[in-house]
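Novice: File follows, model_12.cif with mmCIF, C-alpha atoms:
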data_entry
#
loop_
_atom_site.group_PDB
_atom_site.id
_atom_site.type_symbol
_atom_site.label_atom_id
_atom_site.label_comp_id
_atom_site.auth_asym_id
_atom_site.auth_seq_id
_atom_site.Cartn_x
_atom_site.Cartn_y
_atom_site.Cartn_z
ATOM 1 C CA MET A 1 0.000 0.000 0.000
ATOM 2 C CA LYS A 2 1.307 3.433 -0.861
ATOM 3 C CA PRO A 3 1.677 5.816 2.084
ATOM 4 C CA PHE A 4 0.063 9.219 2.404
ATOM 5 C CA VAL A 5 2.540 12.064 1.878
ATOM 6 C CA PHE A 6 2.450 15.247 3.980
ATOM 7 C CA VAL A 7 4.771 18.116 3.091
ATOM 8 C CA ASP A 8 5.595 21.411 4.784
ATOM 9 C CA PHE A 9 5.601 24.489 2.519
ATOM 10 C CA ASP A 10 7.964 27.306 3.539
ATOM 11 C CA GLU A 11 11.638 26.360 3.067
ATOM 12 C CA THR A 12 10.694 22.734 2.417
ATOM 13 C CA LEU A 13 9.128 23.360 -0.975
ATOM 14 C CA THR A 14 10.374 26.944 -1.335
ATOM 15 C CA THR A 15 13.889 28.358 -1.443
ATOM 16 C CA LYS A 16 13.170 30.699 1.484
ATOM 17 C CA ASP A 17 10.455 31.581 3.975
ATOM 18 C CA THR A 18 7.658 33.387 2.135
ATOM 19 C CA ILE A 19 5.682 34.969 5.000
ATOM 20 C CA SER A 20 7.172 38.436 4.482
ATOM 21 C CA LEU A 21 6.437 38.137 0.752
ATOM 22 C CA LEU A 22 2.712 38.127 1.519
ATOM 23 C CA ALA A 23 3.014 41.640 2.952
ATOM 24 C CA ASP A 24 5.119 42.711 -0.036
ATOM 25 C CA ALA A 25 2.464 41.346 -2.392
ATOM 26 C CA ALA A 26 -0.386 43.145 -0.613
ATOM 27 C CA ARG A 27 1.502 46.434 -0.577
ATOM 28 C CA ALA A 28 2.378 46.172 -4.269
ATOM 29 C CA ALA A 29 -1.101 45.122 -5.434
ATOM 30 C CA SER A 30 -3.370 47.272 -3.273
ATOM 31 C CA GLY A 31 -1.291 49.825 -1.421
ATOM 32 C CA GLY A 32 -1.806 47.865 1.790
ATOM 33 C CA SER A 33 -0.916 49.078 5.258
ATOM 34 C CA LYS A 34 2.015 51.358 6.000
ATOM 35 C CA THR A 35 2.940 49.230 9.038
ATOM 36 C CA PRO A 36 6.501 47.920 8.509
ATOM 37 C CA PHE A 37 6.457 44.134 8.502
ATOM 38 C CA SER A 38 9.703 44.183 10.482
ATOM 39 C CA SER A 39 7.851 45.751 13.429
ATOM 40 C CA LEU A 40 5.493 42.752 13.517
ATOM 41 C CA VAL A 41 8.461 40.375 13.494
ATOM 42 C CA ASP A 42 10.099 42.335 16.326
ATOM 43 C CA ALA A 43 6.902 42.166 18.397
ATOM 44 C CA TYR A 44 6.651 38.415 17.836
ATOM 45 C CA MET A 45 10.266 37.809 18.876
ATOM 46 C CA ARG A 46 9.833 39.984 21.969
ATOM 47 C CA ASP A 47 6.737 37.984 22.984
ATOM 48 C CA TYR A 48 8.557 34.727 22.277
ATOM 49 C CA ARG A 49 11.573 35.581 24.436
ATOM 50 C CA GLU A 50 9.488 36.980 27.285
ATOM 51 C CA THR A 51 7.222 33.929 27.384
ATOM 52 C CA LEU A 52 10.163 31.529 27.553
ATOM 53 C CA ALA A 53 11.825 33.648 30.242
ATOM 54 C CA LYS A 54 8.749 33.650 32.503
ATOM 55 C CA ASP A 55 7.908 30.814 34.886
ATOM 56 C CA PRO A 56 10.361 28.139 33.744
ATOM 57 C CA VAL A 57 8.582 24.878 32.957
ATOM 58 C CA THR A 58 9.411 21.831 35.063
ATOM 59 C CA ARG A 59 11.491 19.563 32.866
ATOM 60 C CA ASP A 60 10.288 16.014 32.273
ATOM 61 C CA LYS A 61 12.622 13.057 31.831
ATOM 62 C CA ASP A 62 11.047 12.481 28.425
ATOM 63 C CA PRO A 63 12.381 15.042 25.886
ATOM 64 C CA VAL A 64 9.296 14.539 23.686
ATOM 65 C CA VAL A 65 7.065 15.635 26.580
ATOM 66 C CA ASN A 66 9.272 18.698 27.049
ATOM 67 C CA LYS A 67 8.845 19.638 23.387
ATOM 68 C CA LYS A 68 5.070 19.206 23.615
ATOM 69 C CA ASN A 69 4.989 21.394 26.714
ATOM 70 C CA GLU A 70 7.039 24.057 24.943
ATOM 71 C CA CYS A 71 4.599 24.062 22.014
ATOM 72 C CA GLU A 72 1.630 24.456 24.327
ATOM 73 C CA ARG A 73 3.360 27.216 26.266
ATOM 74 C CA LEU A 74 4.112 29.212 23.090
ATOM 75 C CA ARG A 75 0.674 28.771 21.564
ATOM 76 C CA SER A 76 -0.543 32.067 23.030
ATOM 77 C CA VAL A 77 2.449 33.811 21.401
ATOM 78 C CA GLU A 78 1.536 32.392 17.990
ATOM 79 C CA LEU A 79 -2.128 33.349 18.313
ATOM 80 C CA ALA A 80 -1.242 36.850 19.518
ATOM 81 C CA SER A 81 1.032 37.253 16.504
ATOM 82 C CA LEU A 82 -1.730 36.277 14.072
ATOM 83 C CA ALA A 83 -4.099 38.756 15.752
ATOM 84 C CA ARG A 84 -1.450 41.493 15.620
ATOM 85 C CA VAL A 85 -0.849 40.924 11.914
ATOM 86 C CA GLY A 86 -4.585 41.029 11.267
ATOM 87 C CA ALA A 87 -5.054 44.289 13.139
ATOM 88 C CA SER A 88 -2.154 45.882 11.251
ATOM 89 C CA GLY A 89 -3.911 45.490 7.913
ATOM 90 C CA VAL A 90 -0.725 44.459 6.083
ATOM 91 C CA LEU A 91 -2.525 41.606 4.292
ATOM 92 C CA ARG A 92 -5.750 43.329 3.267
ATOM 93 C CA GLY A 93 -7.085 44.211 -0.148
ATOM 94 C CA LEU A 94 -6.426 41.272 -2.505
ATOM 95 C CA THR A 95 -8.879 38.822 -4.059
ATOM 96 C CA ARG A 96 -8.229 35.099 -3.947
ATOM 97 C CA ALA A 97 -7.173 35.178 -7.609
ATOM 98 C CA GLN A 98 -4.733 38.007 -6.891
ATOM 99 C CA TRP A 99 -3.161 36.115 -3.988
ATOM 100 C CA ARG A 100 -2.632 33.100 -6.240
ATOM 101 C CA GLU A 101 -1.135 35.189 -9.025
ATOM 102 C CA GLN A 102 1.170 37.059 -6.638
ATOM 103 C CA ALA A 103 2.447 33.724 -5.306
ATOM 104 C CA ARG A 104 3.113 32.424 -8.815
ATOM 105 C CA VAL A 105 5.171 35.540 -9.520
ATOM 106 C CA ARG A 106 6.987 35.925 -6.198
ATOM 107 C CA VAL A 107 7.582 32.431 -4.758
ATOM 108 C CA GLN A 108 10.589 30.445 -5.925
ATOM 109 C CA LEU A 109 10.272 26.693 -5.444
ATOM 110 C CA ARG A 110 13.170 24.402 -4.714
ATOM 111 C CA PRO A 111 14.474 22.659 -7.845
ATOM 112 C CA HIS A 112 12.761 19.304 -8.535
ATOM 113 C CA ALA A 113 10.242 19.775 -5.686
ATOM 114 C CA LEU A 114 7.065 20.224 -7.712
ATOM 115 C CA GLN A 115 8.059 17.694 -10.364
ATOM 116 C CA THR A 116 8.812 15.042 -7.739
ATOM 117 C CA LEU A 117 5.404 15.434 -6.114
ATOM 118 C CA GLN A 118 3.650 15.398 -9.493
ATOM 119 C CA ASN A 119 5.550 12.322 -10.685
ATOM 120 C CA ASP A 120 5.630 10.199 -7.535
ATOM 121 C CA VAL A 121 2.537 10.989 -5.446
ATOM 122 C CA HIS A 122 -1.089 10.441 -6.454
ATOM 123 C CA PRO A 123 -3.163 13.597 -5.754
ATOM 124 C CA ASP A 124 -5.446 11.627 -3.441
ATOM 125 C CA ARG A 125 -2.483 10.908 -1.170
ATOM 126 C CA LEU A 126 -0.763 14.300 -1.231
ATOM 127 C CA PHE A 127 -1.268 16.891 1.532
ATOM 128 C CA ILE A 128 0.418 20.190 2.402
ATOM 129 C CA VAL A 129 0.610 21.062 6.114
ATOM 130 C CA SER A 130 1.901 24.565 6.788
ATOM 131 C CA LEU A 131 2.129 27.406 9.304
ATOM 132 C CA ASN A 132 1.676 29.857 6.412
ATOM 133 C CA TRP A 133 -1.169 32.406 6.469
ATOM 134 C CA SER A 134 -2.893 31.861 3.102
ATOM 135 C CA LYS A 135 -4.195 28.773 1.337
ATOM 136 C CA ASP A 136 -4.527 30.698 -1.916
ATOM 137 C CA TRP A 137 -0.874 31.731 -1.654
ATOM 138 C CA ILE A 138 0.273 28.133 -1.338
ATOM 139 C CA HIS A 139 -2.099 26.919 -4.038
ATOM 140 C CA GLY A 140 -0.834 29.572 -6.439
ATOM 141 C CA ALA A 141 2.823 28.891 -5.691
ATOM 142 C CA LEU A 142 2.327 25.163 -6.301
ATOM 143 C CA HIS A 143 0.379 25.721 -9.539
ATOM 144 C CA GLY A 144 -2.809 24.129 -8.252
ATOM 145 C CA LEU A 145 -1.366 21.467 -5.960
ATOM 146 C CA PRO A 146 -2.676 19.993 -3.758
ATOM 147 C CA ARG A 147 -6.456 19.599 -3.750
ATOM 148 C CA MET A 148 -7.839 22.425 -1.592
ATOM 149 C CA ASP A 149 -9.300 19.954 0.902
ATOM 150 C CA HIS A 150 -5.781 18.516 1.266
ATOM 151 C CA LEU A 151 -4.257 21.860 2.229
ATOM 152 C CA PHE A 152 -3.998 22.405 5.986
ATOM 153 C CA CYS A 153 -2.864 25.853 7.110
ATOM 154 C CA ASN A 154 -4.090 29.159 8.476
ATOM 155 C CA ASP A 155 -6.077 31.263 6.029
ATOM 156 C CA LEU A 156 -7.003 34.852 5.326
ATOM 157 C CA ALA A 157 -10.526 36.116 6.006
ATOM 158 C CA PHE A 158 -12.389 37.780 3.125
ATOM 159 C CA ASP A 159 -15.164 40.358 3.046
ATOM 160 C CA THR A 160 -18.640 39.714 1.642
ATOM 161 C CA SER A 161 -18.427 41.906 -1.465
ATOM 162 C CA SER A 162 -19.280 40.573 -4.930
ATOM 163 C CA ASP A 163 -15.552 40.025 -5.558
ATOM 164 C CA PRO A 164 -14.312 39.343 -2.028
ATOM 165 C CA VAL A 165 -11.010 40.825 -0.916
ATOM 166 C CA SER A 166 -8.906 39.890 2.091
ATOM 167 C CA THR A 167 -9.646 41.801 5.283
ATOM 168 C CA GLY A 168 -6.108 41.208 6.542
ATOM 169 C CA TYR A 169 -7.275 39.047 9.434
ATOM 170 C CA ILE A 170 -6.015 35.464 9.711
ATOM 171 C CA MET A 171 -8.172 32.500 10.704
ATOM 172 C CA PRO A 172 -5.997 30.177 12.840
ATOM 173 C CA GLU A 173 -5.895 26.499 11.929
ATOM 174 C CA ILE A 174 -2.276 25.336 12.096
ATOM 175 C CA VAL A 175 -0.240 27.450 14.520
ATOM 176 C CA ASP A 176 2.349 24.963 15.790
ATOM 177 C CA SER A 177 3.850 21.509 15.431
ATOM 178 C CA LEU A 178 1.123 19.873 17.527
ATOM 179 C CA ASP A 179 -1.566 21.305 15.240
ATOM 180 C CA LYS A 180 0.249 19.776 12.283
ATOM 181 C CA LEU A 181 0.237 16.374 13.948
ATOM 182 C CA ARG A 182 -3.458 16.635 14.843
ATOM 183 C CA ALA A 183 -4.347 17.512 11.254
ATOM 184 C CA ILE A 184 -2.370 14.545 9.958
ATOM 185 C CA ARG A 185 -3.963 12.128 12.400
ATOM 186 C CA ASP A 186 -7.420 13.370 11.423
ATOM 187 C CA ALA A 187 -6.640 12.875 7.725
ATOM 188 C CA VAL A 188 -4.951 9.467 7.799
ATOM 189 C CA PRO A 189 -7.228 6.406 7.977
ATOM 190 C CA PRO A 190 -6.632 3.894 10.799
ATOM 191 C CA ASN A 191 -3.597 1.658 10.224
ATOM 192 C CA ALA A 192 -2.444 3.714 7.225
ATOM 193 C CA SER A 193 1.156 4.881 6.984
ATOM 194 C CA PHE A 194 2.457 8.349 6.171
ATOM 195 C CA ILE A 195 5.593 10.095 5.010
ATOM 196 C CA TYR A 196 6.379 13.573 6.323
ATOM 197 C CA ILE A 197 8.814 16.045 4.760
ATOM 198 C CA GLY A 198 9.910 19.154 6.638
ATOM 199 C CA ASP A 199 12.779 21.482 7.454
ATOM 200 C CA SER A 200 12.333 23.165 10.849
ATOM 201 C CA GLY A 201 11.054 23.031 14.420
ATOM 202 C CA GLY A 202 7.448 23.357 13.286
ATOM 203 C CA ASP A 203 7.842 19.913 11.733
ATOM 204 C CA LEU A 204 9.182 18.143 14.823
ATOM 205 C CA MET A 205 6.021 16.391 16.028
ATOM 206 C CA PRO A 206 4.959 15.088 12.591
ATOM 207 C CA LEU A 207 8.479 13.790 11.956
ATOM 208 C CA LEU A 208 8.610 12.034 15.337
ATOM 209 C CA ASN A 209 5.331 10.283 14.554
ATOM 210 C CA SER A 210 5.901 9.560 10.858
ATOM 211 C CA HIS A 211 6.560 6.131 9.411
ATOM 212 C CA ILE A 212 9.090 7.700 7.059
ATOM 213 C CA GLY A 213 10.440 11.177 7.795
ATOM 214 C CA ILE A 214 12.551 13.265 5.436
ATOM 215 C CA ILE A 215 14.426 16.296 6.753
ATOM 216 C CA LEU A 216 15.551 19.030 4.346
ATOM 217 C CA ALA A 217 17.917 20.769 6.749
ATOM 218 C CA ALA A 218 21.604 20.925 7.571
ATOM 219 C CA ARG A 219 23.196 18.121 9.553
ATOM 220 C CA ASP A 220 23.887 20.541 12.428
ATOM 221 C CA SER A 221 20.411 22.128 12.344
ATOM 222 C CA THR A 222 18.306 22.554 15.475
ATOM 223 C CA LEU A 223 15.696 20.210 13.991
ATOM 224 C CA VAL A 224 18.171 17.340 13.574
ATOM 225 C CA ARG A 225 19.561 17.926 17.072
ATOM 226 C CA ASP A 226 16.045 17.927 18.551
ATOM 227 C CA LEU A 227 15.101 14.704 16.749
ATOM 228 C CA GLU A 228 18.253 13.002 18.028
ATOM 229 C CA ALA A 229 17.654 14.375 21.546
ATOM 230 C CA CYS A 230 14.227 12.700 21.364
ATOM 231 C CA GLY A 231 15.950 9.377 20.760
ATOM 232 C CA ARG A 232 15.578 9.138 16.976
ATOM 233 C CA THR A 233 18.366 8.217 14.581
ATOM 234 C CA VAL A 234 18.625 10.526 11.574
ATOM 235 C CA HIS A 235 20.220 8.724 8.629
ATOM 236 C CA GLU A 236 22.266 10.561 6.033
ATOM 237 C CA ASP A 237 20.664 10.200 2.594
ATOM 238 C CA ILE A 238 17.694 7.983 1.805
ATOM 239 C CA ASP A 239 18.090 4.217 1.954
ATOM 240 C CA PRO A 240 14.762 2.535 1.075
ATOM 241 C CA SER A 241 16.020 -0.789 2.458
ATOM 242 C CA LEU A 242 15.795 0.693 5.981
ATOM 243 C CA VAL A 243 12.010 0.961 5.726
ATOM 244 C CA GLU A 244 11.296 -2.469 4.244
ATOM 245 C CA ASN A 245 8.653 -4.609 5.981
ATOM 246 C CA GLY A 246 7.030 -1.614 7.636
ATOM 247 C CA LYS A 247 10.057 -0.309 9.518
ATOM 248 C CA SER A 248 10.235 3.395 10.363
ATOM 249 C CA ALA A 249 13.163 5.707 9.698
ATOM 250 C CA LEU A 250 14.217 9.342 9.437
ATOM 251 C CA PHE A 251 16.431 10.547 6.606
ATOM 252 C CA ARG A 252 18.292 13.821 6.096
ATOM 253 C CA VAL A 253 18.887 15.131 2.583
ATOM 254 C CA ASP A 254 20.082 18.390 1.059
ATOM 255 C CA ASP A 255 17.689 18.666 -1.865
ATOM 256 C CA TRP A 256 14.643 17.347 -3.688
ATOM 257 C CA GLU A 257 16.825 15.715 -6.310
ATOM 258 C CA SER A 258 17.911 13.216 -3.646
ATOM 259 C CA ILE A 259 14.271 12.494 -2.807
ATOM 260 C CA ALA A 260 13.384 12.044 -6.478
ATOM 261 C CA HIS A 261 16.363 9.761 -7.100
ATOM 262 C CA SER A 262 15.438 7.495 -4.173
ATOM 263 C CA ARG A 263 11.854 7.018 -5.479
ATOM 264 C CA ILE A 264 10.798 6.629 -1.832
ATOM 265 C CA LEU A 265 7.598 8.637 -2.383
ATOM 266 C CA ALA A 266 6.469 6.185 -5.053
ATOM 267 C CA MET A 267 7.247 2.954 -3.190
ATOM 268 C CA ASP A 268 4.783 0.660 -1.465
ATOM 269 C CA TYR A 269 5.021 0.582 2.319
ATOM 270 C CA MET A 270 3.643 -2.377 4.268
#
Could I get this structure in the form of structure tokens?

Specialist:
Amino acid sequence: MKPFVFVDFDETLTTKDTISLLADAARAASGGSKTPFSSLVDAYMRDYRETLAKDPVTRDKDPVVNKKNECERLRSVELASLARVGASGVLRGLTRAQWREQARVRVQLRPHALQTLQNDVHPDRLFIVSLNWSKDWIHGALHGLPRMDHLFCNDLAFDTSSDPVSTGYIMPEIVDSLDKLRAIRDAVPPNASFIYIGDSGGDLMPLLNSHIGIILAARDSTLVRDLEACGRTVHEDIDPSLVENGKSALFRVDDWESIAHSRILAMDYM
């Protein structure tokens, strides 16, 4: 049976994080808000540091529990950030079609990423799971992939005009790594297997619970260190023989060409 495939978006499928590009797109297309995006980033980082500095959490012997607790503790920071961005108006004024077109123009995908998904994964088994703020943005960048009901992320709110435009407010759906894992568990049928591909801390929980995990990050990245601290071995390069007969494994690669060459997304997994 072929596994379901869940893929992160920013920096996994794209060459860089695209969140700031949303604000650039809104400003270019509609004038947008005059609020500097950098001020929103600064406010987020200030909240993040202050929250971690307050009331240190009692450490558990299990590093996975510690990571879950950290996610839950920072959830209020993530939600406050989404509300702050919405109130700033930096993402208001574009139709859904405009968001998709702006993404097609502005977002650069990693080489071989889109082709590998198109060639090796049936659309019914492909999902994108992202912390990004716009489903239309992702859909436009990926030229119509995946099916909209297979796209799990936060999304922009739109007004009720005849040609709705974004209000700038963000409807939270996936704000942290635990949300990603919940969405995956809701989507995957009982006893089915799944592959997860990601690049950063927001992908930790799905990778820890995946049958096959693929990490697109440096060997000395925080994500690889966290996975190893949680007791998981991260193998260099993809060796399909390590996941024969239903075994689980995590692999680190540098690029999508390595994933395509391995054909691991197209293989059967028992």

Novice: Using 10 Å as the limit and counting all atoms listed in the file, can you tabulate each residue of stretch 1-118 of chain A that touches stretch 212-234 of chain A, with its shortest atom-to-atom distance in Å and the two atoms involved, as a Markdown table?

Specialist:
| residue | atom | partner | partner_atom | distance |
| --- | --- | --- | --- | --- |
| A:Pro3 | CA | A:Ile212 | CA | 9.1 |
| A:Val5 | CA | A:Ile212 | CA | 9.4 |
| A:Phe6 | CA | A:Gly213 | CA | 9.7 |
| A:Val7 | CA | A:Ile214 | CA | 9.5 |
| A:Glu11 | CA | A:Leu216 | CA | 8.4 |
| A:Thr12 | CA | A:Leu216 | CA | 6.4 |
| A:Leu13 | CA | A:Leu216 | CA | 9.4 |
| A:Asp62 | CA | A:Cys230 | CA | 7.7 |
| A:Pro63 | CA | A:Cys230 | CA | 5.4 |
| A:Val64 | CA | A:Cys230 | CA | 5.8 |
| A:Val65 | CA | A:Cys230 | CA | 9.3 |
| A:Asn66 | CA | A:Cys230 | CA | 9.6 |
| A:Lys67 | CA | A:Asp226 | CA | 8.8 |

Novice: Specify as a list in words each residue included when the PyMOL selection byres ((chain A and resi 155) around 8) is applied to this file.

Specialist: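 With the PyMOL selection byres ((chain A and resi 155) around 8) on this model, the match is Asn132, Trp133, Ser134, Lys135, Cys153, Asn154, Leu156, Ala157, Ile170, Met171, Pro172 and Glu173 of chain A.
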
Novice: Report, in Å with one decimal, the straight-line distance from atom CA of A:Asp159 to atom CA of A:Lys34.

Specialist: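 One can read the atom CA of A:Asp159 to atom CA of A:Lys34 distance as 20.6 Å.
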
Novice: If you apply the PyMOL selection byres ((chain A and resi 2) around 7) to this file, what residues do you get, as a ChimeraX atom specification?

Specialist: /A:1,3-4,267-269

Novice: Taking the file as I've supplied it (selection: the PyMOL selection byres ((chain A and resi 38-54) around 12)), which residues are included? Please answer as a ChimeraX atom specification.

Specialist: /A:19-21,23-24,34-37,55-57,69-90
